[in-house]
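Peer 1: So here's data_18.csv (CSV, N, CA and C atoms and all ligand atoms).
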chain,number,residue,atom,x,y,z
A,1,MET,N,-17.9,-1.8,-3.2
A,1,MET,CA,-18.0,-1.6,-1.7
A,1,MET,C,-17.3,-2.7,-1.0
A,2,ARG,N,-17.5,-4.0,-1.4
A,2,ARG,CA,-16.8,-5.1,-0.8
A,2,ARG,C,-15.3,-4.9,-0.8
A,3,ILE,N,-14.9,-4.4,-1.9
A,3,ILE,CA,-13.4,-4.2,-2.1
A,3,ILE,C,-12.9,-3.2,-1.1
A,4,TYR,N,-13.6,-2.1,-0.8
A,4,TYR,CA,-13.2,-1.1,0.1
A,4,TYR,C,-13.2,-1.7,1.6
A,5,GLU,N,-14.3,-2.5,1.8
A,5,GLU,CA,-14.4,-3.1,3.2
A,5,GLU,C,-13.2,-4.1,3.4
A,6,TYR,N,-12.9,-4.8,2.3
A,6,TYR,CA,-11.8,-5.8,2.4
A,6,TYR,C,-10.5,-5.0,2.7
A,7,LEU,N,-10.3,-3.9,2.0
A,7,LEU,CA,-9.1,-3.1,2.2
A,7,LEU,C,-9.0,-2.6,3.6
A,8,LEU,N,-10.1,-2.1,4.1
A,8,LEU,CA,-10.2,-1.5,5.5
A,8,LEU,C,-9.8,-2.6,6.5
A,9,GLY,N,-10.2,-3.8,6.2
A,9,GLY,CA,-10.0,-4.9,7.2
A,9,GLY,C,-8.7,-5.6,7.1
A,10,THR,N,-7.8,-5.2,6.2
A,10,THR,CA,-6.6,-5.9,6.1
A,10,THR,C,-5.4,-4.9,6.3
A,11,LYS,N,-4.3,-5.5,6.8
A,11,LYS,CA,-3.1,-4.7,7.0
A,11,LYS,C,-2.1,-5.1,6.0
A,12,SER,N,-2.5,-6.0,5.0
A,12,SER,CA,-1.5,-6.6,4.2
A,12,SER,C,-1.1,-5.9,2.9
A,13,HIS,N,-1.8,-4.7,2.7
A,13,HIS,CA,-1.5,-3.9,1.5
A,13,HIS,C,-1.5,-4.8,0.3
A,14,PRO,N,-2.7,-5.3,0.0
A,14,PRO,CA,-2.8,-6.3,-1.1
A,14,PRO,C,-2.6,-5.7,-2.5
A,15,THR,N,-2.3,-6.5,-3.4
A,15,THR,CA,-2.2,-6.2,-4.9
A,15,THR,C,-3.6,-6.5,-5.5
A,16,VAL,N,-3.8,-6.1,-6.7
A,16,VAL,CA,-5.1,-6.4,-7.4
A,16,VAL,C,-5.3,-7.9,-7.4
A,17,ASP,N,-4.3,-8.7,-7.7
A,17,ASP,CA,-4.4,-10.1,-7.7
A,17,ASP,C,-4.8,-10.7,-6.3
A,18,MET,N,-4.2,-10.2,-5.3
A,18,MET,CA,-4.5,-10.7,-3.9
A,18,MET,C,-6.0,-10.4,-3.6
A,19,ILE,N,-6.5,-9.2,-3.9
A,19,ILE,CA,-7.8,-8.8,-3.6
A,19,ILE,C,-8.8,-9.7,-4.4
A,20,TYR,N,-8.4,-9.9,-5.7
A,20,TYR,CA,-9.3,-10.7,-6.6
A,20,TYR,C,-9.4,-12.1,-6.0
A,21,LYS,N,-8.3,-12.7,-5.7
A,21,LYS,CA,-8.3,-14.1,-5.1
A,21,LYS,C,-9.1,-14.2,-3.8
A,22,GLU,N,-9.1,-13.1,-3.0
A,22,GLU,CA,-9.7,-13.1,-1.8
A,22,GLU,C,-11.2,-13.0,-1.9
A,23,LEU,N,-11.7,-12.2,-2.9
A,23,LEU,CA,-13.1,-11.9,-3.0
A,23,LEU,C,-13.9,-12.7,-4.1
A,24,ILE,N,-13.2,-13.4,-4.9
A,24,ILE,CA,-13.8,-14.2,-6.0
A,24,ILE,C,-14.8,-15.2,-5.4
A,25,GLY,N,-14.5,-15.8,-4.3
A,25,GLY,CA,-15.4,-16.7,-3.6
A,25,GLY,C,-16.7,-16.1,-3.3
A,26,ASP,N,-16.7,-14.9,-2.8
A,26,ASP,CA,-17.9,-14.2,-2.4
A,26,ASP,C,-18.7,-13.6,-3.6
A,27,ILE,N,-17.9,-13.1,-4.6
A,27,ILE,CA,-18.5,-12.4,-5.7
A,27,ILE,C,-18.0,-13.1,-7.0
A,28,PRO,N,-18.7,-14.2,-7.4
A,28,PRO,CA,-18.3,-15.0,-8.6
A,28,PRO,C,-18.2,-14.2,-9.9
A,29,THR,N,-19.0,-13.0,-9.9
A,29,THR,CA,-19.0,-12.2,-11.2
A,29,THR,C,-17.8,-11.3,-11.2
A,30,LEU,N,-17.0,-11.3,-10.2
A,30,LEU,CA,-15.9,-10.3,-10.1
A,30,LEU,C,-14.8,-10.6,-11.2
A,31,SER,N,-14.3,-9.5,-11.8
A,31,SER,CA,-13.2,-9.7,-12.7
A,31,SER,C,-12.0,-8.8,-12.2
A,32,LYS,N,-10.8,-9.2,-12.6
A,32,LYS,CA,-9.6,-8.4,-12.2
A,32,LYS,C,-9.8,-6.9,-12.7
A,33,THR,N,-10.4,-6.8,-13.9
A,33,THR,CA,-10.6,-5.4,-14.4
A,33,THR,C,-11.4,-4.6,-13.5
A,34,THR,N,-12.5,-5.2,-13.0
A,34,THR,CA,-13.4,-4.5,-12.0
A,34,THR,C,-12.6,-4.1,-10.8
A,35,VAL,N,-11.8,-5.0,-10.3
A,35,VAL,CA,-11.0,-4.7,-9.1
A,35,VAL,C,-10.1,-3.5,-9.4
A,36,TYR,N,-9.4,-3.6,-10.5
A,36,TYR,CA,-8.5,-2.6,-10.9
A,36,TYR,C,-9.2,-1.2,-11.1
A,37,ASN,N,-10.3,-1.2,-11.8
A,37,ASN,CA,-11.0,0.0,-12.0
A,37,ASN,C,-11.6,0.6,-10.7
A,38,THR,N,-12.1,-0.3,-9.9
A,38,THR,CA,-12.7,0.2,-8.6
A,38,THR,C,-11.6,0.8,-7.7
A,39,LEU,N,-10.4,0.2,-7.7
A,39,LEU,CA,-9.3,0.7,-6.9
A,39,LEU,C,-8.9,2.1,-7.5
A,40,ASN,N,-8.8,2.2,-8.8
A,40,ASN,CA,-8.5,3.5,-9.4
A,40,ASN,C,-9.4,4.6,-9.0
A,41,LEU,N,-10.7,4.3,-8.9
A,41,LEU,CA,-11.7,5.2,-8.5
A,41,LEU,C,-11.5,5.6,-7.0
A,42,PHE,N,-11.2,4.7,-6.2
A,42,PHE,CA,-10.9,5.0,-4.7
A,42,PHE,C,-9.6,5.9,-4.6
A,43,VAL,N,-8.6,5.6,-5.5
A,43,VAL,CA,-7.4,6.4,-5.4
A,43,VAL,C,-7.7,7.8,-5.9
A,44,GLU,N,-8.6,8.0,-6.9
A,44,GLU,CA,-9.0,9.3,-7.4
A,44,GLU,C,-9.7,10.1,-6.3
A,45,HIS,N,-10.5,9.4,-5.5
A,45,HIS,CA,-11.2,10.1,-4.5
A,45,HIS,C,-10.4,10.1,-3.2
A,46,GLU,N,-9.2,9.7,-3.3
A,46,GLU,CA,-8.3,9.8,-2.1
A,46,GLU,C,-8.7,9.1,-0.9
A,47,ILE,N,-9.5,8.0,-1.1
A,47,ILE,CA,-9.8,7.2,0.1
A,47,ILE,C,-8.9,5.9,0.2
A,48,VAL,N,-8.1,5.7,-0.8
A,48,VAL,CA,-7.2,4.6,-0.8
A,48,VAL,C,-5.9,5.2,-1.4
A,49,SER,N,-4.7,4.7,-0.8
A,49,SER,CA,-3.5,5.1,-1.4
A,49,SER,C,-2.8,4.0,-2.2
A,50,ARG,N,-2.1,4.4,-3.2
A,50,ARG,CA,-1.4,3.4,-4.1
A,50,ARG,C,0.0,3.3,-3.5
A,51,ILE,N,0.5,2.2,-3.4
A,51,ILE,CA,1.9,2.0,-2.9
A,51,ILE,C,2.7,1.3,-4.0
A,52,THR,N,3.8,2.0,-4.4
A,52,THR,CA,4.6,1.4,-5.4
A,52,THR,C,6.0,1.3,-5.0
A,53,ILE,N,6.3,0.4,-4.1
A,53,ILE,CA,7.7,0.2,-3.6
A,53,ILE,C,8.5,-0.5,-4.7
A,54,GLU,N,7.8,-1.4,-5.4
A,54,GLU,CA,8.3,-2.1,-6.5
A,54,GLU,C,7.7,-1.6,-7.8
A,55,GLU,N,8.5,-1.4,-8.8
A,55,GLU,CA,7.9,-0.8,-10.1
A,55,GLU,C,6.9,-1.7,-10.7
A,56,ASN,N,7.1,-3.0,-10.5
A,56,ASN,CA,6.2,-4.0,-11.2
A,56,ASN,C,5.1,-4.5,-10.2
A,57,GLU,N,4.9,-3.9,-9.1
A,57,GLU,CA,3.9,-4.4,-8.1
A,57,GLU,C,3.3,-3.2,-7.4
A,58,THR,N,2.0,-3.0,-7.7
A,58,THR,CA,1.2,-1.9,-7.1
A,58,THR,C,0.4,-2.5,-6.0
A,59,ARG,N,0.5,-2.0,-4.8
A,59,ARG,CA,-0.3,-2.4,-3.7
A,59,ARG,C,-1.2,-1.3,-3.3
A,60,TYR,N,-2.3,-1.6,-2.5
A,60,TYR,CA,-3.3,-0.6,-2.1
A,60,TYR,C,-3.5,-0.6,-0.6
A,61,ASP,N,-3.8,0.6,-0.1
A,61,ASP,CA,-3.8,0.8,1.3
A,61,ASP,C,-5.0,1.7,1.6
A,62,ALA,N,-5.9,1.3,2.5
A,62,ALA,CA,-7.1,2.1,2.8
A,62,ALA,C,-6.7,3.1,3.9
A,63,ASP,N,-5.5,3.0,4.5
A,63,ASP,CA,-5.1,3.9,5.5
A,63,ASP,C,-4.4,5.1,4.8
A,64,THR,N,-5.0,6.2,4.6
A,64,THR,CA,-4.4,7.3,3.8
A,64,THR,C,-3.7,8.3,4.7
A,65,ALA,N,-3.6,8.1,6.0
A,65,ALA,CA,-2.8,8.9,6.8
A,65,ALA,C,-1.3,8.7,6.4
A,66,VAL,N,-0.5,9.7,6.6
A,66,VAL,CA,0.9,9.6,6.2
A,66,VAL,C,1.6,8.6,7.1
A,67,HIS,N,2.1,7.5,6.6
A,67,HIS,CA,2.9,6.6,7.4
A,67,HIS,C,3.9,5.9,6.4
A,68,GLY,N,4.9,5.3,7.0
A,68,GLY,CA,5.9,4.7,6.3
A,68,GLY,C,5.6,3.2,6.0
A,69,HIS,N,6.2,2.7,4.9
A,69,HIS,CA,6.0,1.3,4.6
A,69,HIS,C,7.4,0.6,4.6
A,70,PHE,N,7.4,-0.6,5.1
A,70,PHE,CA,8.6,-1.4,5.1
A,70,PHE,C,8.3,-2.7,4.3
A,71,LYS,N,9.1,-3.0,3.3
A,71,LYS,CA,8.9,-4.2,2.6
A,71,LYS,C,10.0,-5.2,3.0
A,72,CYS,N,9.6,-6.4,3.4
A,72,CYS,CA,10.6,-7.4,3.8
A,72,CYS,C,11.0,-8.2,2.5
A,73,GLU,N,12.2,-8.3,2.2
A,73,GLU,CA,12.7,-8.9,1.0
A,73,GLU,C,12.6,-10.4,1.1
A,74,LYS,N,12.4,-11.0,2.3
A,74,LYS,CA,12.2,-12.4,2.4
A,74,LYS,C,10.8,-12.9,2.3
A,75,CYS,N,9.9,-12.4,3.2
A,75,CYS,CA,8.5,-12.9,3.1
A,75,CYS,C,7.6,-12.0,2.3
A,76,GLU,N,8.2,-10.9,1.8
A,76,GLU,CA,7.5,-9.9,0.9
A,76,GLU,C,6.3,-9.2,1.5
A,77,LYS,N,6.3,-9.3,2.9
A,77,LYS,CA,5.2,-8.6,3.6
A,77,LYS,C,5.5,-7.1,3.5
A,78,VAL,N,4.4,-6.3,3.4
A,78,VAL,CA,4.5,-4.8,3.5
A,78,VAL,C,3.9,-4.4,4.9
A,79,LEU,N,4.8,-3.8,5.7
A,79,LEU,CA,4.3,-3.4,7.0
A,79,LEU,C,4.3,-1.9,7.2
A,80,ASP,N,3.4,-1.5,8.0
A,80,ASP,CA,3.3,0.0,8.3
A,80,ASP,C,4.2,0.4,9.4
A,81,PHE,N,4.7,1.5,9.3
A,81,PHE,CA,5.3,2.1,10.5
A,81,PHE,C,5.0,3.6,10.6
A,82,VAL,N,4.8,4.0,11.9
A,82,VAL,CA,4.4,5.4,12.1
A,82,VAL,C,5.6,6.3,12.3
A,83,THR,N,5.5,7.4,11.6
A,83,THR,CA,6.6,8.3,11.7
A,83,THR,C,6.1,9.7,11.5
A,84,ASP,N,6.7,10.7,12.0
A,84,ASP,CA,6.3,12.1,11.8
A,84,ASP,C,7.1,12.7,10.7
A,85,LEU,N,6.6,12.8,9.6
A,85,LEU,CA,7.3,13.4,8.4
A,85,LEU,C,7.5,14.9,8.5
A,86,SER,N,6.7,15.5,9.4
A,86,SER,CA,6.7,17.0,9.5
A,86,SER,C,8.1,17.4,10.1
A,87,VAL,N,8.7,16.5,10.8
A,87,VAL,CA,10.0,16.9,11.4
A,87,VAL,C,11.1,16.9,10.3
A,88,LEU,N,10.8,16.4,9.2
A,88,LEU,CA,11.7,16.3,8.1
A,88,LEU,C,11.6,17.7,7.3
A,89,GLU,N,12.6,18.5,7.5
A,89,GLU,CA,12.6,19.8,6.8
A,89,GLU,C,13.5,19.7,5.6
A,90,VAL,N,12.9,19.8,4.4
A,90,VAL,CA,13.6,19.7,3.2
A,90,VAL,C,13.8,21.1,2.6
A,91,GLN,N,15.0,21.6,2.8
A,91,GLN,CA,15.3,23.0,2.4
A,91,GLN,C,15.1,23.2,0.9
A,92,ASP,N,15.4,22.2,0.1
A,92,ASP,CA,15.3,22.3,-1.3
A,92,ASP,C,13.9,22.5,-1.8
A,93,LEU,N,12.9,22.1,-1.0
A,93,LEU,CA,11.5,22.1,-1.4
A,93,LEU,C,10.7,23.2,-0.7
A,94,MET,N,11.4,24.1,0.0
A,94,MET,CA,10.8,25.1,0.8
A,94,MET,C,9.6,25.8,0.1
A,95,ASN,N,9.7,26.1,-1.2
A,95,ASN,CA,8.7,26.9,-1.9
A,95,ASN,C,7.8,26.0,-2.7
A,96,PHE,N,7.8,24.8,-2.4
A,96,PHE,CA,7.0,23.8,-3.3
A,96,PHE,C,5.8,23.4,-2.5
A,97,GLN,N,4.8,23.0,-3.3
A,97,GLN,CA,3.6,22.4,-2.7
A,97,GLN,C,3.7,20.9,-2.7
A,98,ILE,N,3.6,20.3,-1.6
A,98,ILE,CA,3.8,18.8,-1.6
A,98,ILE,C,2.4,18.2,-1.5
A,99,ASN,N,2.1,17.3,-2.5
A,99,ASN,CA,0.8,16.6,-2.5
A,99,ASN,C,0.9,15.2,-2.0
A,100,GLN,N,2.0,14.6,-2.1
A,100,GLN,CA,2.1,13.2,-1.7
A,100,GLN,C,3.5,13.0,-1.0
A,101,GLN,N,3.4,12.3,0.1
A,101,GLN,CA,4.7,11.9,0.7
A,101,GLN,C,4.7,10.4,0.9
A,102,HIS,N,5.8,9.8,0.4
A,102,HIS,CA,5.9,8.4,0.6
A,102,HIS,C,7.3,8.1,1.2
A,103,LEU,N,7.2,7.1,2.1
A,103,LEU,CA,8.5,6.7,2.8
A,103,LEU,C,8.6,5.2,2.7
A,104,TYR,N,9.5,4.7,2.0
A,104,TYR,CA,9.6,3.3,1.8
A,104,TYR,C,11.0,2.8,2.3
A,105,PHE,N,10.9,1.8,3.1
A,105,PHE,CA,12.1,1.1,3.6
A,105,PHE,C,12.1,-0.3,3.1
A,106,ARG,N,13.2,-0.9,2.8
A,106,ARG,CA,13.3,-2.3,2.5
A,106,ARG,C,14.3,-3.0,3.3
A,107,GLY,N,14.1,-4.3,3.5
A,107,GLY,CA,15.1,-5.0,4.3
A,107,GLY,C,14.5,-6.3,4.7
A,108,ILE,N,14.9,-6.8,5.9
A,108,ILE,CA,14.4,-8.1,6.4
A,108,ILE,C,13.7,-7.9,7.7
A,109,CYS,N,12.5,-8.3,7.9
A,109,CYS,CA,11.7,-8.1,9.1
A,109,CYS,C,12.2,-8.9,10.2
A,110,SER,N,11.8,-8.6,11.4
A,110,SER,CA,12.3,-9.2,12.6
A,110,SER,C,11.9,-10.7,12.7
A,111,GLU,N,10.8,-11.1,12.1
A,111,GLU,CA,10.3,-12.5,12.1
A,111,GLU,C,11.3,-13.3,11.2
A,112,CYS,N,11.6,-12.8,10.1
A,112,CYS,CA,12.5,-13.5,9.1
A,112,CYS,C,13.9,-13.6,9.7
A,113,LEU,N,14.3,-12.5,10.4
A,113,LEU,CA,15.6,-12.5,11.0
A,113,LEU,C,15.8,-13.6,12.0
A,114,LYS,N,14.7,-13.8,12.8
A,114,LYS,CA,14.6,-14.8,13.9
A,114,LYS,C,14.8,-16.2,13.2
A,115,LYS,N,14.1,-16.4,12.1
A,115,LYS,CA,14.2,-17.7,11.5
A,115,LYS,C,15.6,-18.1,11.0
A,116,THR,N,16.3,-17.1,10.6
A,116,THR,CA,17.6,-17.4,10.0
A,116,THR,C,18.7,-17.5,11.1
A,117,GLU,N,18.3,-17.2,12.3
A,117,GLU,CA,19.3,-17.3,13.4
A,117,GLU,C,19.7,-18.8,13.7
B,1,ZN,ZN,9.9,-11.1,6.6
B,2,ZN,ZN,0.1,1.3,5.0
Transcribe the structure of this file into structure tokens.
Ligand SMILES: [Zn+2]
Ligand SMILES: [Zn+2]
Peer 2:
Amino acid sequence: MRIYEYLLGTKSHPTVDMIYKELIGDIPTLSKTTVYNTLNLFVEHEIVSRITIEENETRYDADTAVHGHFKCEKCEKVLDFVTDLSVLEVQDLMNFQINQQHLYFRGICSECLKKTE
């Protein structure tokens, strides 16, 4: 439950490691396996989405509404952006059932761009 609360309260799209480090102070009995298994359960019940912008890095998001993700290549932050994917008509998938939609952008965020100016 604490894991879900933590996810709801953060916009940082944390990884298992980040969640573990954040909660170990409060829950000394916590293990990374517990975090991992709990997150899998949430994903199964569709209350948390899994974000895999990077093959070797899985992040989690308690916001399951369809939205896009932008990953900054400098500060490695993952930010949300709102977009209406329903305007995207994909002719090739007309007769398909879509269960998941992911929109990932990569680049450099405005804060990092400011710093390099
Ligand atoms: Zn950045
Ligand atoms: Zn998100």
Peer 1: Pick out the closest residue to A:Lys77 from this set: A:Glu5, A:His13, A:Arg50, A:Lys21. Count only N, CA and C atoms.
Peer 2: A:His13
Peer 1: I'd like the contact shell of A:Asp61 - 7 Å cut-off, all atoms listed in the file, skipping same-chain residues fewer than 3 positions apart - returned as a PDB file with N, CA and C atoms, keeping the file's coordinate frame.
Peer 2:
ATOM      1  N   LEU A   7     -10.300  -3.900   2.000  1.00  0.00           N
ATOM      2  CA  LEU A   7      -9.100  -3.100   2.200  1.00  0.00           C
ATOM      3  C   LEU A   7      -9.000  -2.600   3.600  1.00  0.00           C
ATOM      4  N   LEU A   8     -10.100  -2.100   4.100  1.00  0.00           N
ATOM      5  CA  LEU A   8     -10.200  -1.500   5.500  1.00  0.00           C
ATOM      6  C   LEU A   8      -9.800  -2.600   6.500  1.00  0.00           C
ATOM      7  N   HIS A  13      -1.800  -4.700   2.700  1.00  0.00           N
ATOM      8  CA  HIS A  13      -1.500  -3.900   1.500  1.00  0.00           C
ATOM      9  C   HIS A  13      -1.500  -4.800   0.300  1.00  0.00           C
ATOM     10  N   PRO A  14      -2.700  -5.300   0.000  1.00  0.00           N
ATOM     11  CA  PRO A  14      -2.800  -6.300  -1.100  1.00  0.00           C
ATOM     12  C   PRO A  14      -2.600  -5.700  -2.500  1.00  0.00           C
ATOM     13  N   ILE A  47      -9.500   8.000  -1.100  1.00  0.00           N
ATOM     14  CA  ILE A  47      -9.800   7.200   0.100  1.00  0.00           C
ATOM     15  C   ILE A  47      -8.900   5.900   0.200  1.00  0.00           C
ATOM     16  N   VAL A  48      -8.100   5.700  -0.800  1.00  0.00           N
ATOM     17  CA  VAL A  48      -7.200   4.600  -0.800  1.00  0.00           C
ATOM     18  C   VAL A  48      -5.900   5.200  -1.400  1.00  0.00           C
ATOM     19  N   SER A  49      -4.700   4.700  -0.800  1.00  0.00           N
ATOM     20  CA  SER A  49      -3.500   5.100  -1.400  1.00  0.00           C
ATOM     21  C   SER A  49      -2.800   4.000  -2.200  1.00  0.00           C
ATOM     22  N   ARG A  50      -2.100   4.400  -3.200  1.00  0.00           N
ATOM     23  CA  ARG A  50      -1.400   3.400  -4.100  1.00  0.00           C
ATOM     24  C   ARG A  50       0.000   3.300  -3.500  1.00  0.00           C
ATOM     25  N   ILE A  51       0.500   2.200  -3.400  1.00  0.00           N
ATOM     26  CA  ILE A  51       1.900   2.000  -2.900  1.00  0.00           C
ATOM     27  C   ILE A  51       2.700   1.300  -4.000  1.00  0.00           C
ATOM     28  N   THR A  64      -5.000   6.200   4.600  1.00  0.00           N
ATOM     29  CA  THR A  64      -4.400   7.300   3.800  1.00  0.00           C
ATOM     30  C   THR A  64      -3.700   8.300   4.700  1.00  0.00           C
TER      31      THR A  64
END
Peer 1: Grab me every residue within 10 Å of ligand ZN 1 (chain B), counting only C-alpha atoms and all ligand atoms, and send it over as number ranges by chain.
Peer 2: A: 70-79, 107-115
Peer 1: So, with only C-alpha atoms and all ligand atoms as the atoms that count, which of A:Val90, A:Ala62, A:Leu30, A:Ile98 lies closest to ligand ZN 2 (chain B)?
Peer 2: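 Under the stated criterion, the closest residue is A:Ala62.
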Peer 1: Between atom CA of A:Val82 and atom CA of A:Gln101, what is the distance in Å, rounded to a tenth?
Peer 2: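 Answer for the atom CA of A:Val82 to atom CA of A:Gln101 separation: 13.1 Å.
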Peer 1: Select from chain A every residue with an atom at most 6 Å from any atom of ligand ZN 2 (chain B), then for each give the shortest pair of atoms and their distance in Å to one decimal, using only C-alpha atoms and all ligand atoms, rows by chain and rising number, as a Markdown table.
Peer 2:
| residue | atom | partner | partner_atom | distance |
| --- | --- | --- | --- | --- |
| A:Asp61 | CA | B:ZN2 | ZN | 5.4 |
| A:Asp63 | CA | B:ZN2 | ZN | 5.8 |
| A:His69 | CA | B:ZN2 | ZN | 5.9 |
| A:Asp80 | CA | B:ZN2 | ZN | 4.8 |
Peer 1: Determine, counting all atoms listed in the file, every residue of protein, DNA or RNA that lies within 6 Å of (3.0, 4.9, 3.3) in the file coordinates, then give the result as a list in words.
Peer 2: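 Checking each residue against the 6 Å limit leaves Val66, His67, Gly68, His69, His102 and Leu103 of chain A.
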Peer 1: Tell me which of A:Phe42, A:Asn37, A:Phe81, A:Ile3 sits closest to A:Leu23, counting all atoms listed in the file.
Peer 2: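 When distances to A:Leu23 are compared using all atoms listed in the file, the smallest one comes from A:Ile3.
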Peer 1: So that I can check the secondary structure, give me every residue of chain A assigned alpha helix (DSSP H) by backbone DSSP, as a VMD selection string.
Peer 2: chain A and resid 2 to 8 16 to 23 32 to 44 110 to 116
Peer 1: Fewer than 2 positions away in the same chain doesn't count, so skip those; otherwise give me all residues within 8 Å of A:Val16, counting only C-alpha atoms, as a list of chain:residue names.
Peer 2: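 Those residues are A:Pro14, A:Met18, A:Ile19, A:Tyr20, A:Lys32, A:Val35, A:Tyr36, A:Thr58, A:Arg59.
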Peer 1: Could the residues in this selection be written to a file with N, CA and C atoms, as a PDB file, in the frame of the given file?
Peer 2:
ATOM      1  N   PRO A  14      -2.700  -5.300   0.000  1.00  0.00           N
ATOM      2  CA  PRO A  14      -2.800  -6.300  -1.100  1.00  0.00           C
ATOM      3  C   PRO A  14      -2.600  -5.700  -2.500  1.00  0.00           C
ATOM      4  N   MET A  18      -4.200 -10.200  -5.300  1.00  0.00           N
ATOM      5  CA  MET A  18      -4.500 -10.700  -3.900  1.00  0.00           C
ATOM      6  C   MET A  18      -6.000 -10.400  -3.600  1.00  0.00           C
ATOM      7  N   ILE A  19      -6.500  -9.200  -3.900  1.00  0.00           N
ATOM      8  CA  ILE A  19      -7.800  -8.800  -3.600  1.00  0.00           C
ATOM      9  C   ILE A  19      -8.800  -9.700  -4.400  1.00  0.00           C
ATOM     10  N   TYR A  20      -8.400  -9.900  -5.700  1.00  0.00           N
ATOM     11  CA  TYR A  20      -9.300 -10.700  -6.600  1.00  0.00           C
ATOM     12  C   TYR A  20      -9.400 -12.100  -6.000  1.00  0.00           C
ATOM     13  N   LYS A  32     -10.800  -9.200 -12.600  1.00  0.00           N
ATOM     14  CA  LYS A  32      -9.600  -8.400 -12.200  1.00  0.00           C
ATOM     15  C   LYS A  32      -9.800  -6.900 -12.700  1.00  0.00           C
ATOM     16  N   VAL A  35     -11.800  -5.000 -10.300  1.00  0.00           N
ATOM     17  CA  VAL A  35     -11.000  -4.700  -9.100  1.00  0.00           C
ATOM     18  C   VAL A  35     -10.100  -3.500  -9.400  1.00  0.00           C
ATOM     19  N   TYR A  36      -9.400  -3.600 -10.500  1.00  0.00           N
ATOM     20  CA  TYR A  36      -8.500  -2.600 -10.900  1.00  0.00           C
ATOM     21  C   TYR A  36      -9.200  -1.200 -11.100  1.00  0.00           C
ATOM     22  N   THR A  58       2.000  -3.000  -7.700  1.00  0.00           N
ATOM     23  CA  THR A  58       1.200  -1.900  -7.100  1.00  0.00           C
ATOM     24  C   THR A  58       0.400  -2.500  -6.000  1.00  0.00           C
ATOM     25  N   ARG A  59       0.500  -2.000  -4.800  1.00  0.00           N
ATOM     26  CA  ARG A  59      -0.300  -2.400  -3.700  1.00  0.00           C
ATOM     27  C   ARG A  59      -1.200  -1.300  -3.300  1.00  0.00           C
TER      28      ARG A  59
END
Peer 1: Report the distance between atom CA of A:Ala65 and atom CA of A:Thr52 in Å, rounded to one decimal place.
Peer 2: 16.1 Å
Peer 1: As a ChimeraX atom specification, which residues of stretch 49-100 of chain A does DSSP assign to strand (DSSP E or B)?
Peer 2: /A:49-54,57-61,68-72,78-81
Peer 1: Using Å and a single decimal, report how far atom CA of A:Arg2 sits from atom CA of A:Glu46.
Peer 2: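 Distance reported for this atom pair: 17.2 Å.
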Peer 1: Go through A:Gln91, A:Thr29, A:Leu39, A:Ser86 one by one, measure the shortest atom-to-atom distance of each to A:Tyr60 using all atoms listed in the file, and give the residue with the smallest value.
Peer 2: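 Between A:Gln91, A:Thr29, A:Leu39, A:Ser86, the residue approaching A:Tyr60 most closely is A:Leu39.
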Peer 1: Find, counting only C-alpha atoms, the residue in A:His45, A:Thr116, A:Thr10, A:Met1 that gets nearest to A:Ile27.
Peer 2: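 Using only C-alpha atoms, the shortest distance to A:Ile27 belongs to A:Met1.
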Peer 1: Atoms are missing here; could stretch 107-115 of chain A be completed with N, CA, C and O atoms and written as a compact mmCIF listing (two decimals), in the coordinates of the input?
Peer 2:
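Output file result_34.txt is given in full below:
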# COMPACT_ATOMS: atom_id res chain seq x y z
N GLY A 107 14.10 -4.30 3.50
CA GLY A 107 15.10 -5.00 4.30
C GLY A 107 14.50 -6.30 4.70
O GLY A 107 13.77 -6.95 3.97
N ILE A 108 14.90 -6.80 5.90
CA ILE A 108 14.40 -8.10 6.40
C ILE A 108 13.70 -7.90 7.70
O ILE A 108 14.26 -7.22 8.63
N CYS A 109 12.50 -8.30 7.90
CA CYS A 109 11.70 -8.10 9.10
C CYS A 109 12.20 -8.90 10.20
O CYS A 109 12.93 -9.90 10.05
N SER A 110 11.80 -8.60 11.40
CA SER A 110 12.30 -9.20 12.60
C SER A 110 11.90 -10.70 12.70
O SER A 110 12.74 -11.55 13.09
N GLU A 111 10.80 -11.10 12.10
CA GLU A 111 10.30 -12.50 12.10
C GLU A 111 11.30 -13.30 11.20
O GLU A 111 11.70 -14.40 11.60
N CYS A 112 11.60 -12.80 10.10
CA CYS A 112 12.50 -13.50 9.10
C CYS A 112 13.90 -13.60 9.70
O CYS A 112 14.59 -14.57 9.50
N LEU A 113 14.30 -12.50 10.40
CA LEU A 113 15.60 -12.50 11.00
C LEU A 113 15.80 -13.60 12.00
O LEU A 113 16.75 -14.30 12.12
N LYS A 114 14.70 -13.80 12.80
CA LYS A 114 14.60 -14.80 13.90
C LYS A 114 14.80 -16.20 13.20
O LYS A 114 15.52 -17.03 13.76
N LYS A 115 14.10 -16.40 12.10
CA LYS A 115 14.20 -17.70 11.50
C LYS A 115 15.60 -18.10 11.00
O LYS A 115 15.91 -19.24 10.87
